[in-house]
Structures are given as C-alpha cells and as structure tokens.
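As provided, run_6.txt (compact mmCIF, C-alpha atoms and all ligand atoms) reads as follows.
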# COMPACT_ATOMS: atom_id res chain seq x y z
CA MET X 16 36.48 20.06 63.64
CA GLU X 17 34.65 23.14 62.34
CA THR X 18 31.04 23.46 63.50
CA ASN X 19 28.23 24.23 61.08
CA SER X 20 28.06 27.78 62.34
CA GLU X 21 31.82 28.27 61.86
CA LYS X 22 31.58 26.85 58.33
CA PHE X 23 28.64 29.11 57.61
CA ALA X 24 30.42 32.21 58.93
CA GLU X 25 33.47 31.36 56.81
CA HIS X 26 31.80 30.41 53.52
CA GLY X 27 28.44 32.24 53.63
CA TYR X 28 26.62 28.99 52.85
CA LEU X 29 26.29 25.51 54.25
CA VAL X 30 25.01 22.17 52.95
CA VAL X 31 23.54 19.78 55.50
CA GLN X 32 23.40 16.35 53.90
CA SER X 33 20.29 14.18 54.39
CA ALA X 34 18.66 16.83 56.59
CA LEU X 35 15.21 15.78 55.38
CA SER X 36 13.67 12.47 54.41
CA GLU X 37 11.62 11.50 51.35
CA SER X 38 8.51 11.65 53.52
CA ASP X 39 9.29 15.21 54.67
CA LEU X 40 9.35 16.38 51.03
CA ALA X 41 6.56 14.17 49.68
CA PRO X 42 3.59 16.41 50.69
CA LEU X 43 5.00 19.47 48.85
CA ILE X 44 5.89 17.34 45.83
CA ALA X 45 2.27 16.12 45.85
CA VAL X 46 1.06 19.75 45.81
CA VAL X 47 3.35 20.62 42.87
CA SER X 48 2.26 17.46 41.01
CA ALA X 49 -1.39 18.40 41.57
CA VAL X 50 -0.74 21.87 40.07
CA VAL X 51 0.87 20.27 37.01
CA ASP X 52 -2.06 17.86 36.72
CA ALA X 53 -4.65 20.66 36.99
CA ARG X 54 -2.87 22.78 34.37
CA ALA X 55 -2.45 19.83 31.99
CA THR X 56 -6.11 18.89 32.37
CA GLU X 57 -7.20 22.50 31.73
CA LEU X 58 -5.09 22.72 28.55
CA TYR X 59 -6.43 19.34 27.40
CA LYS X 60 -10.05 20.44 27.93
CA GLU X 61 -9.36 23.67 26.03
CA GLY X 62 -8.08 21.53 23.14
CA VAL X 63 -4.59 23.05 23.34
CA ILE X 64 -2.93 19.65 23.95
CA SER X 65 -4.08 16.20 22.92
CA ASP X 66 -2.51 14.31 25.84
CA THR X 67 -2.19 15.14 29.54
CA TYR X 68 1.04 13.10 29.92
CA LYS X 69 -0.36 11.61 33.12
CA GLU X 70 2.02 8.66 33.06
CA MET X 71 5.09 10.89 33.02
CA SER X 72 7.34 11.38 36.03
CA PHE X 73 7.56 14.48 38.25
CA GLU X 74 10.85 15.35 36.52
CA HIS X 75 9.35 15.27 32.99
CA ARG X 76 5.63 15.99 32.93
CA TRP X 77 5.48 19.81 33.14
CA HIS X 78 8.12 20.10 30.41
CA ALA X 79 6.21 17.69 28.15
CA VAL X 80 3.00 19.72 28.64
CA LEU X 81 4.72 23.01 27.80
CA LYS X 82 6.49 21.52 24.77
CA ALA X 83 3.23 20.09 23.46
CA CYS X 84 1.62 23.54 23.42
CA GLY X 85 4.75 25.32 22.19
CA ARG X 86 5.05 27.33 25.41
CA GLU X 87 7.75 28.01 27.97
CA ASN X 88 7.64 28.84 31.67
CA GLU X 89 6.09 32.29 32.07
CA VAL X 90 7.68 32.88 35.47
CA PHE X 91 10.93 31.81 37.12
CA GLY X 92 9.09 30.42 40.13
CA TRP X 93 5.67 29.47 41.44
CA HIS X 94 4.29 31.21 44.52
CA THR X 95 0.51 31.45 44.80
CA LEU X 96 0.06 28.15 42.94
CA VAL X 97 1.85 26.20 45.69
CA PHE X 98 0.48 28.04 48.74
CA SER X 99 -0.61 25.12 50.93
CA GLU X 100 -0.44 23.50 54.33
CA ALA X 101 2.26 21.18 52.96
CA LEU X 102 4.39 24.22 52.11
CA PHE X 103 3.80 25.72 55.56
CA ASN X 104 4.74 22.43 57.23
CA LEU X 105 8.02 22.35 55.33
CA ILE X 106 8.83 26.00 56.05
CA THR X 107 8.22 25.41 59.76
CA HIS X 108 9.68 21.88 59.84
CA GLN X 109 11.61 21.23 63.03
CA LYS X 110 14.55 19.79 61.06
CA VAL X 111 14.77 22.98 58.97
CA LEU X 112 14.50 25.30 61.97
CA ASP X 113 17.05 23.27 63.96
CA VAL X 114 19.64 24.02 61.26
CA LEU X 115 18.77 27.73 61.35
CA GLU X 116 18.81 27.88 65.14
CA HIS X 117 22.53 26.99 65.12
CA LEU X 118 23.16 29.94 62.81
CA ILE X 119 20.90 32.73 64.09
CA GLY X 120 19.58 31.62 67.48
CA SER X 121 16.18 30.37 68.57
CA ASP X 122 13.94 33.36 67.80
CA ILE X 123 13.30 32.92 64.10
CA GLN X 124 10.87 34.57 61.70
CA PHE X 125 9.88 33.38 58.25
CA ASN X 126 10.23 36.42 55.99
CA GLY X 127 7.27 35.51 53.79
CA ASP X 128 9.36 34.83 50.69
CA PHE X 129 8.89 31.36 49.16
CA TRP X 130 9.17 29.77 45.72
CA VAL X 131 8.93 26.46 43.94
CA ARG X 132 11.11 26.60 40.83
CA PRO X 133 10.49 24.49 37.75
CA LYS X 134 13.91 24.85 36.10
CA LEU X 135 13.36 23.56 32.58
CA PRO X 136 15.97 22.12 30.21
CA ASN X 137 17.97 24.83 28.39
CA GLU X 138 15.92 27.69 29.78
CA LYS X 139 17.28 31.23 30.10
CA LEU X 140 14.58 32.47 32.47
CA THR X 141 15.76 30.23 35.33
CA THR X 142 19.49 30.55 34.60
CA LEU X 143 20.59 33.22 37.04
CA PRO X 144 23.81 35.25 36.80
CA TRP X 145 26.14 35.88 39.76
CA HIS X 146 24.24 37.85 42.38
CA GLN X 147 23.81 38.52 46.09
CA ASP X 148 20.21 38.27 47.28
CA SER X 149 20.37 41.68 48.96
CA ALA X 150 20.75 43.19 45.48
CA TYR X 151 17.09 42.25 44.95
CA MET X 152 15.89 42.96 48.50
CA PRO X 153 16.30 46.68 49.17
CA ASP X 154 17.78 47.71 52.54
CA THR X 155 18.53 44.20 53.78
CA GLU X 156 22.33 44.27 53.50
CA ASN X 157 22.95 45.25 57.13
CA ASP X 158 21.03 42.30 58.55
CA THR X 159 21.30 38.56 58.10
CA HIS X 160 18.62 37.00 55.92
CA LEU X 161 18.89 33.30 55.25
CA THR X 162 17.68 31.37 52.25
CA VAL X 163 16.90 27.70 52.74
CA TRP X 164 17.11 25.93 49.39
CA LEU X 165 15.86 22.36 49.01
CA PRO X 166 16.21 20.28 45.86
CA LEU X 167 13.05 18.29 45.09
CA VAL X 168 15.08 16.10 42.69
CA GLY X 169 18.78 15.20 42.66
CA VAL X 170 21.03 18.01 41.40
CA LYS X 171 24.11 17.27 39.30
CA LEU X 172 26.32 19.43 37.12
CA LYS X 173 24.15 18.49 34.13
CA ASN X 174 20.76 19.70 35.42
CA GLY X 175 21.71 23.17 36.63
CA PRO X 176 23.25 23.28 40.10
CA LEU X 177 23.88 26.41 42.14
CA GLN X 178 27.45 27.68 42.32
CA PHE X 179 28.91 29.76 45.17
CA LEU X 180 31.90 32.00 45.76
CA SER X 181 33.01 31.01 49.22
CA GLY X 182 33.63 33.95 51.57
CA SER X 183 32.33 36.52 49.08
CA HIS X 184 29.79 37.79 51.65
CA LYS X 185 32.63 39.34 53.65
CA SER X 186 33.09 42.17 51.13
CA GLY X 187 29.51 43.42 51.58
CA LEU X 188 26.92 44.35 48.99
CA GLN X 189 28.36 45.29 45.59
CA THR X 190 26.95 47.79 43.10
CA TYR X 191 24.49 46.45 40.52
CA HIS X 192 23.22 47.64 37.17
CA ARG X 193 20.87 46.48 34.46
CA VAL X 194 22.28 45.25 31.17
CA PRO X 195 20.35 44.67 27.92
CA ASP X 196 18.74 41.23 27.54
CA GLU X 197 19.20 40.31 31.23
CA ALA X 198 16.10 39.96 33.37
CA PHE X 199 18.18 40.38 36.54
CA ALA X 200 20.48 43.21 37.61
CA VAL X 201 24.14 42.14 37.61
CA PRO X 202 27.17 43.38 39.57
CA VAL X 203 29.04 46.25 37.89
CA LEU X 204 32.37 44.58 38.72
CA PRO X 205 32.46 40.86 37.84
CA PRO X 206 32.87 38.90 41.10
CA THR X 207 35.18 36.29 39.51
CA SER X 208 38.55 36.32 37.79
CA SER X 209 40.47 33.50 36.12
CA ASP X 210 41.78 32.16 39.44
CA THR X 211 38.55 32.36 41.50
CA ASP X 212 37.51 29.11 43.19
CA ILE X 213 33.93 28.31 42.32
CA ASP X 214 32.04 25.77 44.42
CA THR X 215 29.49 23.75 42.43
CA LEU X 216 26.87 22.22 44.71
CA GLU X 217 25.72 18.83 43.53
CA MET X 218 22.98 17.85 45.98
CA LYS X 219 20.81 14.87 46.75
CA LYS X 220 17.10 15.07 47.46
CA GLY X 221 16.88 15.56 51.24
CA ASP X 222 20.02 17.72 51.45
CA LEU X 223 19.47 21.24 52.75
CA LEU X 224 21.40 24.29 51.58
CA VAL X 225 21.32 27.51 53.57
CA PHE X 226 22.99 30.73 52.42
CA ASN X 227 23.10 34.37 53.47
CA ASN X 228 21.97 37.47 51.64
CA LEU X 229 25.48 38.67 50.74
CA VAL X 230 27.18 35.59 49.36
CA PHE X 231 27.59 35.48 45.57
CA HIS X 232 25.86 32.59 43.85
CA ARG X 233 24.39 31.75 40.48
CA SER X 234 22.18 29.10 38.92
CA LEU X 235 23.63 27.24 35.91
CA VAL X 236 21.78 26.18 32.77
CA ASN X 237 19.92 22.90 32.96
CA HIS X 238 21.55 20.80 30.21
CA SER X 239 19.58 17.65 31.02
CA ASP X 240 16.25 16.62 29.53
CA SER X 241 14.41 16.76 32.86
CA ILE X 242 13.13 19.47 35.19
CA ARG X 243 15.32 20.50 38.12
CA TRP X 244 12.60 21.23 40.70
CA SER X 245 13.56 23.03 43.91
CA THR X 246 11.96 25.11 46.62
CA ASP X 247 13.35 27.97 48.68
CA PHE X 248 12.23 30.15 51.61
CA ARG X 249 13.78 33.03 53.52
CA PHE X 250 14.19 33.64 57.25
CA SER X 251 15.78 36.05 59.70
CA ARG X 252 15.98 36.66 63.45
CA THR X 253 12.56 37.62 64.82
CA GLY X 254 12.20 41.38 64.74
CA THR X 255 14.61 41.94 61.83
CA ALA X 256 13.16 44.80 59.77
CA LEU X 257 11.69 43.71 56.45
CA ASN X 258 11.43 47.33 55.32
CA GLY X 259 8.38 46.96 53.14
CA LEU X 260 9.66 43.96 51.17
CA TRP X 261 6.92 42.56 48.95
CA HIS X 262 6.45 39.54 51.20
CA GLU X 263 6.36 41.36 54.56
CA ALA X 264 2.57 40.92 54.90
CA ILE X 265 2.97 37.16 55.20
CA ALA X 266 6.02 37.13 57.48
CA CYS X 267 5.50 35.33 60.79
CA PRO X 268 7.45 34.00 63.77
CA VAL X 269 8.23 30.30 63.38
CA ARG X 270 10.39 29.52 66.41
CA GLU X 271 10.34 31.10 69.82
CA HIS X 272 13.12 30.72 72.38
CA GLU X 273 10.75 30.90 75.37
CA SER X 274 8.32 28.19 74.34
CA GLU X 275 10.61 26.26 71.94
CA GLN X 276 7.50 26.03 69.75
CA CYS X 277 6.28 27.36 66.43
CA PRO X 278 4.10 30.32 67.53
CA THR X 279 2.24 30.49 64.21
CA SER X 280 -0.32 27.90 63.16
CA TRP X 281 -1.27 27.03 59.59
CA GLN X 282 -4.71 28.58 60.20
CA THR X 283 -3.12 31.87 61.35
CA TRP X 284 -0.73 31.98 58.38
CA ARG X 285 -3.54 31.17 55.93
CA ALA X 286 -5.62 34.02 57.38
CA GLN X 287 -2.62 36.36 56.96
CA TRP X 288 -2.29 35.23 53.35
CA GLU X 289 -6.00 35.72 52.66
CA THR X 290 -5.86 39.36 53.76
CA SER X 291 -2.58 40.14 51.96
CA SER X 292 -2.79 41.67 48.52
CA HIS X 293 0.42 40.31 47.09
CA LYS X 294 -0.97 36.87 46.34
CA ASP X 295 -2.74 38.36 43.30
CA ARG X 296 0.57 39.65 41.90
CA PHE X 297 2.32 36.30 41.62
CA VAL X 298 1.64 33.03 39.82
O1 LIG X 301 16.93 28.12 42.48
C1 LIG X 301 17.67 28.68 41.66
O2 LIG X 301 17.98 28.16 40.61
C2 LIG X 301 18.20 30.04 41.95
C3 LIG X 301 18.02 30.43 43.37
C4 LIG X 301 18.70 31.72 43.69
O3 LIG X 301 19.62 32.15 43.06
C5 LIG X 301 18.22 32.48 44.84
O4 LIG X 301 17.29 32.03 45.54
O5 LIG X 301 18.77 33.57 45.08
Rendering of file as structure tokens:
Amino acid sequence: METNSEKFAEHGYLVVQSALSESDLAPLIAVVSAVVDARATELYKEGVISDTYKEMSFEHRWHAVLKACGRENEVFGWHTLVFSEALFNLITHQKVLDVLEHLIGSDIQFNGDFWVRPKLPNEKLTTLPWHQDSAYMPDTENDTHLTVWLPLVGVKLKNGPLQFLSGSHKSGLQTYHRVPDEAFAVPVLPPTSSDTDIDTLEMKKGDLLVFNNLVFHRSLVNHSDSIRWSTDFRFSRTGTALNGLWHEAIACPVREHESEQCPTSWQTWRAQWETSSHKDRFV
C-alpha cells in the first residue's frame, strides 16, 4: 500500500481524513464567530442594519449581515482579524505537524502565512482560477512549501470545493500573466485540456488537506446558500529561505527534531506579531 508520503510525492497533495476533531477546530471557529458578532454589532449600532442575526448559524450569519447592508466581502481572506491563541494552537497542533513530519521531516517552520476564508455564495472574489502557489510567492519554486487547508464546514461540489491536477507539480512553475477582470495572475498556457483528469475534493470538517507550492489547483464557485468557511497556513523545512515574503516577519519554528517539541510559544509569536508591520496591511 502507498504511504502518505508516496501519495504526496505522486499527486502533489494529500487528504488525511478525520485528522482533527470537532474540539480541535472549535476554538478557532469561536474566534471567527466572535469577529462576525463584533462586526454585526458595530453595524447595528451605526444604524446600517436593523438586526444582528444573532440566532443564525456559523454558515449563514456573515452572509446575512453583508446582504442586509448591501455589501460584499472586501477581501478574499481574514488575517489580522483572526490573529489569536486559538489560531496559533491550530497552526502548531501536534496532529497537524505529525502529518507534515511524514512529508518534510521533523524540523518544521511555520512560514507566517495564514488565512480564514469566508467564501460567500456566488462570489467572484473567492473563486480562484487554476494556479500554483509559487506564482504568488516570488522565488519559492525551488523549495518545498506546504499549505495545510482545513475546512471549517463540510465541503461538497455545491459549496465550492478545491480541485487539483494530480502530478502537475512535476512540470515545475509555469509562466503567468495578468488578464483583464481577473484579480489573480493566470498561467499563460491553460493547464487543462479536454482529457485532463480533475480531482474534486469533497471534504468533511476534521479532514486535513496538504498541498505543495507547485501543484495546480483552483477554488470553484460556491453555488450553495451558505458560507464555505476554511482556514489555511503554510510551512516549510526549518531554514528554508522565505526571501522577503510578506509574512517572513512572523515565521517561526514549530517542530524541532532534537527536542520533539514546539520551540515557539504563543507569547513569543504574539510578541513577533506585535513588532511586525504587516499586520496593519491586512484585514
Ligand atoms: O481556500 C480557497 O478557496 C483557495 C485556497 C487556495 O487556492 C490557496 O490557498 O492557494
């Protein structure tokens, strides 16, 4: 039977089913819910909305708030808003790092890149075309950078899953250009033809997806009436150059071979964050 690391080397991505439990994800979901609550309350106090939709579920409330004030998401993902100990605990969670250790060894750094994505129904902003992450991270194509992607709700074809082109990482980084009306650069040569196999990843809450920086993937439109919430963070082997990436200032080691421990504490990471300037550039 193929091991996880063989599967990963072959496909460029790997889904580990039921890697996390409800209680592992609950603290971050509580942080996100508190952000939604604070924003709804603020808009209510300003008289912009006449209801805070408090009784609505995690999957519906933020969308209801935005609809009520005739707004849309302003950004594709939340960063500063969700900076918290709960986020740090998930990034450094033993179950997450155990999966990564099988792929890149036991000296692991968190690259500093994290997002919580509120993917709204029928929204263009969070519908991403085929891309390789290195296309958006200059000078990373010669190293391995891993994205861990965790659904915070179940993901089905209807609510905008990720799709992957298995093995596409083996051809290296392609050339990208900007096209009118697209927020993201796209590959000059389309990575698919009529006979390309496309893998659509329907995932349950608790499943963990990990993919590398060269594999082609995209994020489909959410055709449901609820929000497809997810979170993602990036890692590499400790010492991998981050070459001035925007998140380098908050990179930190998270697993150390010698001690088999997480060498960074929440207090240390928070102090790093406080002195970094990038937190003011992101929502
Ligand atoms: O979460 C999504 O919908 C898109 C994620 C993605 O494409 C990425 O992290 O590169």
* Taking all atoms listed in the file into account, which residues are within 10 Å of ligand LIG 301 (chain X), as a PyMOL selection string? -> chain X and resi 91-92+128-134+140-151+161-166+175-179+226-228+230-237+243-249
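If you look at atom CA of X:His262 and atom CA of X:Gly127, they are 4.9 Å away from each other.
Atom CA of X:Val90 lies 28.4 Å from atom CA of X:Leu112.
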Pull the neighbourhood of (20.7, 21.1, 31.2) for me: all residues within 9 Å in file coordinates, counting all atoms listed in the file, as an mmCIF file with C-alpha atoms, in the frame of the given file.
data_model
loop_
_atom_site.group_PDB
_atom_site.id
_atom_site.type_symbol
_atom_site.label_atom_id
_atom_site.label_comp_id
_atom_site.auth_asym_id
_atom_site.auth_seq_id
_atom_site.Cartn_x
_atom_site.Cartn_y
_atom_site.Cartn_z
ATOM 1 C CA LEU X 135 13.360 23.560 32.580
ATOM 2 C CA PRO X 136 15.970 22.120 30.210
ATOM 3 C CA ASN X 137 17.970 24.830 28.390
ATOM 4 C CA GLU X 138 15.920 27.690 29.780
ATOM 5 C CA LEU X 172 26.320 19.430 37.120
ATOM 6 C CA LYS X 173 24.150 18.490 34.130
ATOM 7 C CA ASN X 174 20.760 19.700 35.420
ATOM 8 C CA GLY X 175 21.710 23.170 36.630
ATOM 9 C CA LEU X 235 23.630 27.240 35.910
ATOM 10 C CA VAL X 236 21.780 26.180 32.770
ATOM 11 C CA ASN X 237 19.920 22.900 32.960
ATOM 12 C CA HIS X 238 21.550 20.800 30.210
ATOM 13 C CA SER X 239 19.580 17.650 31.020
ATOM 14 C CA ASP X 240 16.250 16.620 29.530
ATOM 15 C CA SER X 241 14.410 16.760 32.860
ATOM 16 C CA ILE X 242 13.130 19.470 35.190
ATOM 17 C CA ARG X 243 15.320 20.500 38.120
#
* To do: Name all residues at most 6 Å from stretch 22-36 of chain X (count all atoms listed in the file; drop same-chain ones fewer than 4 positions away) and give them as a VMD selection string.
  => chain X and resid 181 to 182 221 to 227 230
For the residues in the current selection, export C-alpha atoms as a tab-separated table (two decimals), in the coordinates of the input.
chain	number	residue	atom	x	y	z
X	181	SER	CA	33.01	31.01	49.22
X	182	GLY	CA	33.63	33.95	51.57
X	221	GLY	CA	16.88	15.56	51.24
X	222	ASP	CA	20.02	17.72	51.45
X	223	LEU	CA	19.47	21.24	52.75
X	224	LEU	CA	21.40	24.29	51.58
X	225	VAL	CA	21.32	27.51	53.57
X	226	PHE	CA	22.99	30.73	52.42
X	227	ASN	CA	23.10	34.37	53.47
X	230	VAL	CA	27.18	35.59	49.36
* For X:Leu40, which residue among X:Phe199, X:Tyr191, X:Lys110, X:Lys220 is the nearest when counting only C-alpha atoms? -> X:Lys220
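Across X:Pro195, X:Pro205, X:Gly254, X:Gly85, the tightest approach to X:Pro268 is made by X:Gly254 when counting only C-alpha atoms.
With distances restricted to all atoms listed in the file, X:Val50 is the closest residue to X:Val298 from X:Val50, X:Ile44, X:Ile119, X:Ile106.
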* Structure fact -> atom CA of X:Asp295 to atom CA of X:Phe98 measures 12.1 Å
* Write out as a PyMOL selection string the residues lying within 8 Å of X:Leu118, counting only C-alpha atoms and excluding same-chain residues fewer than 4 positions away. => chain X and resi 19-20+23+114
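Shortest atom-to-atom contact with X:Lys171 among X:Arg252, X:Lys185, X:Arg193, X:Lys219: X:Lys219, counting all atoms listed in the file.
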